[in-house]
Amino acid sequence: MKPVALLLLLSLAPPALLAQDPRLVGRLDSATARVVTAVIDSSRELGLPTEPLVQKALEGASKSATGDRIIAAVRILALNLGTARTALGRESSEQELVAGVAALRAGATPGAIRGLRQARASRGVAVPLAVLADLVALGVQVDAAYQSVLDLARTEADDAAFARLKQQYAGQRQP
Amino acid sequence: MNDGDALLVTRVLGGDENAYGVLMARYRDRFARYAFRLLGDQGDAEDVLQETFIRGYRFLSQCESPEKFGAWLFRILVNRCHSAYSGRGRKEENLGSSTVADTRPARGYGNDEAWREEIERALEYLPLEQREAFLLKYVEDLSYEEMEELTGMGISALKMRVKRACERLRELLGEVYDARS
Amino acid sequence: MHAADDPTEKFAQSIGRELRSPVELSPDLDDRIMKEVRRRARRSRMRPLFLWGGLAAAALMAIAVGMTTRSARLTVPPMERVAFGLEAPAATRVTLVGDFNNWDPDATPLVRSEHGRWETVVPLEPGRYQFTFVVDGSRWVRDPRLPAAVGEDFGEPTSVITIIPVSRL
């Protein structure tokens, strides 16, 4: 689904009659909780994972963020999950989508994360995508990080190899 | 793409492993040709074929579009070939074209088998990525879009690899080719 | 120039045609592959017997330690015991907040060990988690050994940890 259409759908979801996640009660003010619940329920209707959205709202609550900021963060995350799913395929697991969002936020394009899925046809992509995002966080340029991860994926390497790739960069970064 | 593949995949997933033998027979020769041309060695090619078909069976439930089983399995084959190639510790050598021309013995130009051997030897001088791109384009007859989907590389990068491969092969084989034409 | 007339294109097509000739394979290759396929098929038919036995044992253990999983699944991914630690000799209280404990600042206190190091161990399913330490109830501190979360949403520092199952290493 195109991101714009998803945003529209999320904005128009009717509030108030929807059951709130009990974890949001007492952590968000009622107005924020209503809107966040509507976003979560719309996402559920679209088949997107909702736990990351709940956790994002709770993260905002624990960091004393304003209601507007929490709502914005949850909406953006829902959009990102939709983009990740379009790129990775409808059968993607929650872990793959969460890692896909991390990779997108690190600067990878939807085409690039789709390329990782295709390079690793017979295995999941949660670990390669997570490692891609982590390499960028460690200071590697996103293009170089993507190429390293893609090259490894194309050799049908197991998850341990990706863990070692990250450790190599992390080791280089130690003072 | 083969309509019958979806039915066979369903049967395999339902417990009929003999149906997998039928799927294998459909793709074995084409895959063998690709693996052998890429790796240049029958033993290596057979190892890769075996790994590919066994992985295809193990992970069959992850094939999202059973009617595109062939393309899905081909992608596994391409990746296994990469693994096999890296595992051999091959270094990509770019020999000067004059060096190659001097060391190759003259062959009977009209001899088809000899000509094919020349081509196979010339392929070995291409770096893996160029060899792969050339085979996918001119032997497997894929479009650039299909190649992009298969390899994860962008179309412009693929076109560059094909162009370089053609130029290199032309350098290596041009004389013999012109004499045969 | 039409592609078909381009001499390089014609050359490449000609080479491609030659390479399309079939290659020789060992006569027993098909048998070898199908033997392995049948072996795996036999093994997977036996697996449910062991799975049910294992599930019963796992269910008893889960009740005994009071662990809860997020949803009832037939196959439960193994939990990894993950150690978290922070050097904070001047702190009087350090807790852990993250995706795995609903960002509840009271849910996971760390224990102070000698030399001012605060530690705890958390059982986590494989996955990617954001978390941070809260020092003395108000100071948010990242784990200096781990990557920072990219694109921080709320202006406070957050770390990321990726758990890969031990069985896959």
# chains A, B, ... in the order shown; residues from 1 in each chain; ligands from 1
call {"tool": "residues_around", "arguments": {"residues": "Ala121 of chain A", "least_positions_apart": "3", "cutoff": "8 Å", "atoms": "only C-alpha atoms", "output": "NGL selection string"}}
result
(:A and (117-118 or 124)) or (:B and (72 or 75-76))
call {"tool": "write_last_selection", "arguments": {"atoms": "N, CA and C atoms", "output": "CSV table (one decimal), in the first residue's frame"}}
result
chain,number,residue,atom,x,y,z
A,117,ARG,N,16.4,-9.2,0.6
A,117,ARG,CA,15.4,-10.3,0.7
A,117,ARG,C,15.7,-11.3,-0.5
A,118,GLN,N,15.9,-10.8,-1.6
A,118,GLN,CA,16.1,-11.6,-2.8
A,118,GLN,C,17.5,-12.3,-2.7
A,124,GLY,N,15.7,-16.1,6.5
A,124,GLY,CA,15.1,-14.8,6.8
A,124,GLY,C,16.1,-13.7,6.7
B,72,TRP,N,12.6,-19.0,-8.1
B,72,TRP,CA,13.0,-19.0,-6.7
B,72,TRP,C,14.2,-20.0,-6.5
B,75,ARG,N,17.4,-18.6,-8.0
B,75,ARG,CA,18.1,-17.6,-7.1
B,75,ARG,C,19.0,-18.3,-6.1
B,76,ILE,N,18.5,-19.4,-5.5
B,76,ILE,CA,19.3,-20.2,-4.6
B,76,ILE,C,20.5,-20.7,-5.3
call {"tool": "closest_atom_pairs", "arguments": {"of": "chain B", "to": "chain C", "cutoff": "6 Å", "atoms": "only C-alpha atoms", "output": "JSON lines"}}
result
{"residue": "B:Arg33", "atom": "CA", "partner": "C:Val23", "partner_atom": "CA", "distance": 5.7}
{"residue": "B:Gln50", "atom": "CA", "partner": "C:Ile33", "partner_atom": "CA", "distance": 5.9}
{"residue": "B:Tyr138", "atom": "CA", "partner": "C:Gly16", "partner_atom": "CA", "distance": 4.7}
{"residue": "B:Val139", "atom": "CA", "partner": "C:Gly16", "partner_atom": "CA", "distance": 4.7}
call {"tool": "write_last_selection", "arguments": {"atoms": "C-alpha atoms", "output": "PDB file, in the first residue's frame"}}
result
ATOM      1  CA  ARG B  33      24.500 -25.708 -17.530  1.00  0.00           C
ATOM      2  CA  GLN B  50      23.059 -31.047  -5.048  1.00  0.00           C
ATOM      3  CA  TYR B 138      23.162 -14.326 -23.120  1.00  0.00           C
ATOM      4  CA  VAL B 139      22.734 -17.919 -22.005  1.00  0.00           C
TER       5      VAL B 139
END
call {"tool": "interface_residues", "arguments": {"of": "chain B", "to": "chain A", "cutoff": "10 Å", "atoms": "only C-alpha atoms", "output": "VMD selection string"}}
result
chain B and resid 55 to 56 58 to 64 72 to 76 78 to 87 148 to 154
call {"tool": "write_last_selection", "arguments": {"atoms": "C-alpha atoms", "output": "PDB file, in the first residue's frame"}}
result
ATOM      1  CA  ARG B  55      17.969 -26.549   0.047  1.00  0.00           C
ATOM      2  CA  GLY B  56      15.030 -26.179  -2.286  1.00  0.00           C
ATOM      3  CA  ARG B  58      14.272 -28.036   2.956  1.00  0.00           C
ATOM      4  CA  PHE B  59      12.974 -24.506   2.495  1.00  0.00           C
ATOM      5  CA  LEU B  60      10.156 -25.244   0.076  1.00  0.00           C
ATOM      6  CA  SER B  61       7.546 -23.887   2.474  1.00  0.00           C
ATOM      7  CA  GLN B  62       9.248 -20.475   2.176  1.00  0.00           C
ATOM      8  CA  CYS B  63       8.680 -20.326  -1.584  1.00  0.00           C
ATOM      9  CA  GLU B  64       6.056 -17.565  -1.652  1.00  0.00           C
ATOM     10  CA  TRP B  72      12.985 -19.043  -6.696  1.00  0.00           C
ATOM     11  CA  LEU B  73      15.232 -22.084  -6.929  1.00  0.00           C
ATOM     12  CA  PHE B  74      17.418 -20.429  -9.557  1.00  0.00           C
ATOM     13  CA  ARG B  75      18.074 -17.615  -7.120  1.00  0.00           C
ATOM     14  CA  ILE B  76      19.256 -20.197  -4.577  1.00  0.00           C
ATOM     15  CA  VAL B  78      23.036 -18.318  -8.100  1.00  0.00           C
ATOM     16  CA  ASN B  79      23.797 -17.753  -4.420  1.00  0.00           C
ATOM     17  CA  ARG B  80      25.238 -21.244  -3.936  1.00  0.00           C
ATOM     18  CA  CYS B  81      27.494 -20.677  -6.935  1.00  0.00           C
ATOM     19  CA  HIS B  82      28.785 -17.530  -5.265  1.00  0.00           C
ATOM     20  CA  SER B  83      29.464 -19.491  -2.086  1.00  0.00           C
ATOM     21  CA  ALA B  84      31.260 -22.226  -3.981  1.00  0.00           C
ATOM     22  CA  TYR B  85      33.336 -19.728  -5.882  1.00  0.00           C
ATOM     23  CA  SER B  86      34.376 -17.843  -2.723  1.00  0.00           C
ATOM     24  CA  GLY B  87      35.045 -21.127  -0.949  1.00  0.00           C
ATOM     25  CA  GLU B 148      18.050  -7.156 -11.058  1.00  0.00           C
ATOM     26  CA  GLU B 149      15.459  -9.183  -9.207  1.00  0.00           C
ATOM     27  CA  LEU B 150      17.725 -12.227  -9.152  1.00  0.00           C
ATOM     28  CA  THR B 151      20.958 -10.596  -8.056  1.00  0.00           C
ATOM     29  CA  GLY B 152      19.850  -7.528  -6.109  1.00  0.00           C
ATOM     30  CA  MET B 153      22.197  -5.382  -8.236  1.00  0.00           C
ATOM     31  CA  GLY B 154      20.931  -2.295 -10.042  1.00  0.00           C
TER      32      GLY B 154
END
call {"tool": "residues_around", "arguments": {"residues": "Asp112 of chain B", "least_positions_apart": "4", "cutoff": "10 Å", "atoms": "only C-alpha atoms", "output": "short mmCIF file (atom, residue, chain, number, x, y, z; two decimals) with N, CA and C atoms, in the first residue's frame"}}
result
data_model
loop_
_atom_site.label_atom_id
_atom_site.label_comp_id
_atom_site.auth_asym_id
_atom_site.auth_seq_id
_atom_site.Cartn_x
_atom_site.Cartn_y
_atom_site.Cartn_z
N GLY B 108 41.86 -25.86 -34.39
CA GLY B 108 41.13 -25.98 -35.66
C GLY B 108 39.88 -25.14 -35.57
N ARG B 116 34.10 -24.44 -28.49
CA ARG B 116 33.41 -24.32 -27.21
C ARG B 116 34.42 -24.31 -26.07
N GLU B 117 35.44 -25.12 -26.19
CA GLU B 117 36.48 -25.13 -25.14
C GLU B 117 37.19 -23.80 -25.05
N GLU B 118 37.41 -23.17 -26.22
CA GLU B 118 38.03 -21.83 -26.22
C GLU B 118 37.17 -20.86 -25.43
N ARG B 180 35.97 -17.80 -37.95
CA ARG B 180 34.88 -18.77 -38.12
C ARG B 180 33.70 -18.19 -38.89
N GLU C 18 26.48 -20.94 -28.13
CA GLU C 18 27.42 -22.04 -27.89
C GLU C 18 27.35 -22.55 -26.47
#
call {"tool": "closest_atom_pairs", "arguments": {"of": "chain C", "to": "chain A", "cutoff": "8 Å", "atoms": "only C-alpha atoms", "output": "JSON lines"}}
result
{"residue": "C:Gly98", "atom": "CA", "partner": "A:Glu59", "partner_atom": "CA", "distance": 7.3}
{"residue": "C:Asp99", "atom": "CA", "partner": "A:Gln55", "partner_atom": "CA", "distance": 5.6}
{"residue": "C:Asn102", "atom": "CA", "partner": "A:Gln55", "partner_atom": "CA", "distance": 6.1}
{"residue": "C:Trp103", "atom": "CA", "partner": "A:Glu59", "partner_atom": "CA", "distance": 5.5}
{"residue": "C:Asp104", "atom": "CA", "partner": "A:Ser62", "partner_atom": "CA", "distance": 6.9}
{"residue": "C:Pro105", "atom": "CA", "partner": "A:Ser62", "partner_atom": "CA", "distance": 7.3}
{"residue": "C:Gly127", "atom": "CA", "partner": "A:Gln95", "partner_atom": "CA", "distance": 6.1}
{"residue": "C:Arg128", "atom": "CA", "partner": "A:Ala99", "partner_atom": "CA", "distance": 7.0}
{"residue": "C:Pro147", "atom": "CA", "partner": "A:Ala137", "partner_atom": "CA", "distance": 5.5}
{"residue": "C:Ala148", "atom": "CA", "partner": "A:Ala137", "partner_atom": "CA", "distance": 6.0}
{"residue": "C:Ala149", "atom": "CA", "partner": "A:Ala137", "partner_atom": "CA", "distance": 7.1}
{"residue": "C:Val150", "atom": "CA", "partner": "A:Ala106", "partner_atom": "CA", "distance": 6.1}
{"residue": "C:Gly151", "atom": "CA", "partner": "A:Arg105", "partner_atom": "CA", "distance": 6.3}
{"residue": "C:Asp153", "atom": "CA", "partner": "A:Ala73", "partner_atom": "CA", "distance": 6.3}
{"residue": "C:Phe154", "atom": "CA", "partner": "A:Gly60", "partner_atom": "CA", "distance": 6.4}
{"residue": "C:Glu156", "atom": "CA", "partner": "A:Lys63", "partner_atom": "CA", "distance": 7.0}
{"residue": "C:Val160", "atom": "CA", "partner": "A:Asp134", "partner_atom": "CA", "distance": 8.0}
{"residue": "C:Thr162", "atom": "CA", "partner": "A:Ala130", "partner_atom": "CA", "distance": 7.0}
{"residue": "C:Ile164", "atom": "CA", "partner": "A:Asp159", "partner_atom": "CA", "distance": 7.4}
{"residue": "C:Arg168", "atom": "CA", "partner": "A:Asp159", "partner_atom": "CA", "distance": 6.4}
{"residue": "C:Leu169", "atom": "CA", "partner": "A:Ala160", "partner_atom": "CA", "distance": 4.7}
call {"tool": "decode", "arguments": {"residues": "segment 43-72 of chain A", "atoms": "C-alpha atoms", "output": "PDB file, in the first residue's frame"}}
result
ATOM      1  CA  SER A  43      -2.499  -1.010  11.479  1.00  0.00           C
ATOM      2  CA  ARG A  44      -3.940  -4.265  12.771  1.00  0.00           C
ATOM      3  CA  GLU A  45      -6.635  -4.094  10.080  1.00  0.00           C
ATOM      4  CA  LEU A  46      -3.912  -3.744   7.497  1.00  0.00           C
ATOM      5  CA  GLY A  47      -2.131  -6.791   8.854  1.00  0.00           C
ATOM      6  CA  LEU A  48       0.826  -4.858  10.246  1.00  0.00           C
ATOM      7  CA  PRO A  49       2.396  -5.847  13.577  1.00  0.00           C
ATOM      8  CA  THR A  50       1.083  -3.746  16.463  1.00  0.00           C
ATOM      9  CA  GLU A  51       3.470  -4.572  19.287  1.00  0.00           C
ATOM     10  CA  PRO A  52       6.194  -2.230  17.963  1.00  0.00           C
ATOM     11  CA  LEU A  53       3.605   0.576  17.917  1.00  0.00           C
ATOM     12  CA  VAL A  54       2.586  -0.081  21.525  1.00  0.00           C
ATOM     13  CA  GLN A  55       6.240  -0.110  22.577  1.00  0.00           C
ATOM     14  CA  LYS A  56       6.891   3.142  20.701  1.00  0.00           C
ATOM     15  CA  ALA A  57       4.022   4.831  22.587  1.00  0.00           C
ATOM     16  CA  LEU A  58       5.291   3.483  25.910  1.00  0.00           C
ATOM     17  CA  GLU A  59       8.804   4.660  25.069  1.00  0.00           C
ATOM     18  CA  GLY A  60       7.467   8.151  24.527  1.00  0.00           C
ATOM     19  CA  ALA A  61       5.507   7.988  27.765  1.00  0.00           C
ATOM     20  CA  SER A  62       8.557   6.917  29.764  1.00  0.00           C
ATOM     21  CA  LYS A  63      10.582   9.757  28.235  1.00  0.00           C
ATOM     22  CA  SER A  64       7.849  12.263  29.197  1.00  0.00           C
ATOM     23  CA  ALA A  65       7.281  13.240  25.558  1.00  0.00           C
ATOM     24  CA  THR A  66       4.238  15.368  24.684  1.00  0.00           C
ATOM     25  CA  GLY A  67       1.108  13.671  23.384  1.00  0.00           C
ATOM     26  CA  ASP A  68       1.609  15.188  19.927  1.00  0.00           C
ATOM     27  CA  ARG A  69       5.131  13.868  19.728  1.00  0.00           C
ATOM     28  CA  ILE A  70       4.053  10.385  20.793  1.00  0.00           C
ATOM     29  CA  ILE A  71       1.248  10.340  18.226  1.00  0.00           C
ATOM     30  CA  ALA A  72       3.601  11.514  15.483  1.00  0.00           C
TER      31      ALA A  72
END
